[in-house]
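I have placed the structure first, in the form of structure tokens, so that the comments after it can refer back to it.
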Amino acid sequence: MPVINFIKPDGTTHAVEAKEGANLMEVGRDQNMGVEGTCGGSLSCATCHVIFDEAGFALVGGASEDEMDMLDLAFGVEETSRLGCQIKVTDALDGITVRVPEDY
């Protein structure tokens, strides 16, 4: 199982085993990492907003136009922000780090 490293808003880092095929919203929500996923992954909210470092962002790639529209509603958006519901877990993501921004 790939391991995803979550940095919670309080600065603590947690390594979480993730089922391949799940998305980062599900993983972060189910492991209490501060990811909500209010819409259940239907790309109609921004409560699964996560931030990647440059290397991680290069792996997952940029957001679609629809995702960018939803990110406009999120707090603390950065150049490497994505919505976790749009990122499928694969073995290629093993060891990746995502930061969960503060909910203002």
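Residue numbering restarts at 1 in every chain; chains get A, B, ... in the order shown in the structure tokens, and ligands count up from 1 in that same order.
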Please provide the set of residues having any atom within 12 Å of range 92-95 of chain A, restricted to only C-alpha atoms, with same-chain residues fewer than 3 positions apart removed, written as number ranges by chain.
A: 1-6, 14-24, 52, 55-61, 87-89, 98
For C-alpha atoms, I'd like the residues from the last selection saved as a PDB file, in the first residue's frame.
```pdb
ATOM      1  CA  MET A   1       0.000   0.000   0.000  1.00  0.00           C
ATOM      2  CA  PRO A   2       1.301   3.475  -0.820  1.00  0.00           C
ATOM      3  CA  VAL A   3       2.116   5.690   2.153  1.00  0.00           C
ATOM      4  CA  ILE A   4       0.904   9.298   2.064  1.00  0.00           C
ATOM      5  CA  ASN A   5       2.444  11.803   4.474  1.00  0.00           C
ATOM      6  CA  PHE A   6      -0.073  14.367   5.702  1.00  0.00           C
ATOM      7  CA  HIS A  14       1.367  11.571   9.893  1.00  0.00           C
ATOM      8  CA  ALA A  15       2.287   8.703   7.570  1.00  0.00           C
ATOM      9  CA  VAL A  16      -0.891   6.965   6.433  1.00  0.00           C
ATOM     10  CA  GLU A  17      -1.248   3.795   4.386  1.00  0.00           C
ATOM     11  CA  ALA A  18      -3.614   4.451   1.505  1.00  0.00           C
ATOM     12  CA  LYS A  19      -5.556   1.964  -0.550  1.00  0.00           C
ATOM     13  CA  GLU A  20      -4.627   2.185  -4.213  1.00  0.00           C
ATOM     14  CA  GLY A  21      -7.558   3.572  -6.206  1.00  0.00           C
ATOM     15  CA  ALA A  22      -8.895   5.691  -3.341  1.00  0.00           C
ATOM     16  CA  ASN A  23      -8.550   9.444  -3.606  1.00  0.00           C
ATOM     17  CA  LEU A  24      -6.667  11.732  -1.232  1.00  0.00           C
ATOM     18  CA  PHE A  52       1.796  19.768  -2.476  1.00  0.00           C
ATOM     19  CA  ALA A  55       8.033  17.524  -6.446  1.00  0.00           C
ATOM     20  CA  GLY A  56       4.641  16.201  -5.428  1.00  0.00           C
ATOM     21  CA  PHE A  57       2.843  18.684  -7.649  1.00  0.00           C
ATOM     22  CA  ALA A  58       4.969  17.539 -10.577  1.00  0.00           C
ATOM     23  CA  LEU A  59       3.737  13.975  -9.930  1.00  0.00           C
ATOM     24  CA  VAL A  60       0.038  14.803  -9.695  1.00  0.00           C
ATOM     25  CA  GLY A  61      -0.041  17.573 -12.287  1.00  0.00           C
ATOM     26  CA  ILE A  87      -6.098  12.832  -6.887  1.00  0.00           C
ATOM     27  CA  LYS A  88      -6.256   9.039  -7.183  1.00  0.00           C
ATOM     28  CA  VAL A  89      -3.812   7.089  -5.039  1.00  0.00           C
ATOM     29  CA  VAL A  98       0.543  16.796   1.264  1.00  0.00           C
TER      30      VAL A  98
END
```
Using the chain letters and numbers from this document, which residues of chain A does DSSP assign to strand (DSSP E or B), as a list of chain:residue names?
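Of chain A, the ones in strand (DSSP E or B) are A:Val3, A:Ile4, A:Asn5, A:Phe6, A:Ile7, A:Thr13, A:His14, A:Ala15, A:Val16, A:Glu17, A:Asn23, A:His49, A:Val50, A:Ile51, A:Phe52, A:Ser81, A:Arg82, A:Leu83, A:Lys88, A:Thr97, A:Val98, A:Arg99.
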Would you compute the distance between CA of Asp66 in chain A and CA of Glu102 in chain A? Give it in Å to one decimal.
22.7 Å
Please report the interatomic distance between CA of Ser44 in chain A and CA of Asp10 in chain A in Å with one decimal.
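Between CA of Ser44 in chain A and CA of Asp10 in chain A the gap works out to 26.2 Å.
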If we count only C-alpha atoms and set the cut-off at 7 Å, which residues sit around His49 in chain A, ignoring sequence neighbours fewer than 3 positions away in its own chain? Please answer as JSON, numbers by chain.
{"A": [46, 74, 81, 82, 83, 84, 100]}
Take the selection from the previous step and output its residues with N, CA and C atoms, as a compact mmCIF listing (two decimals), in the first residue's frame.
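Result went into out_10.txt, see below:
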```txt
# COMPACT_ATOMS: atom_id res chain seq x y z
N ALA A 46 -14.80 22.82 -1.72
CA ALA A 46 -13.34 22.90 -1.68
C ALA A 46 -12.80 22.47 -0.33
N ALA A 74 -11.57 28.17 -1.95
CA ALA A 74 -10.80 27.64 -0.82
C ALA A 74 -9.96 28.72 -0.16
N SER A 81 -1.69 23.98 -5.06
CA SER A 81 -2.92 23.49 -4.44
C SER A 81 -3.68 22.60 -5.40
N ARG A 82 -4.32 21.60 -4.83
CA ARG A 82 -5.24 20.72 -5.58
C ARG A 82 -6.37 20.32 -4.63
N LEU A 83 -7.43 19.79 -5.20
CA LEU A 83 -8.49 19.21 -4.40
C LEU A 83 -8.21 17.71 -4.28
N GLY A 84 -8.18 17.22 -3.05
CA GLY A 84 -7.84 15.83 -2.81
C GLY A 84 -8.76 14.84 -3.50
N VAL A 100 -2.25 19.98 4.69
CA VAL A 100 -3.64 20.39 4.83
C VAL A 100 -3.61 21.82 5.37
```
Could you pull out the residues in range 19-90 of chain A that DSSP calls helix (DSSP H, G or I) from the backbone, as a ChimeraX atom specification?
/A:24-30,54-60,65-71,84-86
Taking C-alpha atoms for each residue, export the selection above as a short mmCIF file (atom, residue, chain, number, x, y, z; two decimals), in the first residue's frame.
```cif
data_model
loop_
_atom_site.label_atom_id
_atom_site.label_comp_id
_atom_site.auth_asym_id
_atom_site.auth_seq_id
_atom_site.Cartn_x
_atom_site.Cartn_y
_atom_site.Cartn_z
CA LEU A 24 -6.67 11.73 -1.23
CA MET A 25 -9.91 13.21 0.09
CA GLU A 26 -11.09 9.78 1.24
CA VAL A 27 -7.73 8.93 2.77
CA GLY A 28 -7.38 12.26 4.60
CA ARG A 29 -11.00 12.28 5.78
CA ASP A 30 -11.03 8.68 6.95
CA GLU A 54 6.97 21.16 -5.98
CA ALA A 55 8.03 17.52 -6.45
CA GLY A 56 4.64 16.20 -5.43
CA PHE A 57 2.84 18.68 -7.65
CA ALA A 58 4.97 17.54 -10.58
CA LEU A 59 3.74 13.97 -9.93
CA VAL A 60 0.04 14.80 -9.69
CA GLU A 65 -10.57 24.19 -15.20
CA ASP A 66 -13.49 22.92 -13.08
CA GLU A 67 -11.15 22.17 -10.20
CA MET A 68 -9.59 25.62 -10.49
CA ASP A 69 -13.06 27.16 -10.24
CA MET A 70 -13.64 25.30 -6.96
CA LEU A 71 -10.18 26.19 -5.64
CA GLY A 84 -7.84 15.83 -2.81
CA CYS A 85 -10.96 14.32 -4.39
CA GLN A 86 -9.31 14.71 -7.78
#
```
How many Å separate CA of Cys39 in chain A from CA of Asp72 in chain A?
16.0 Å
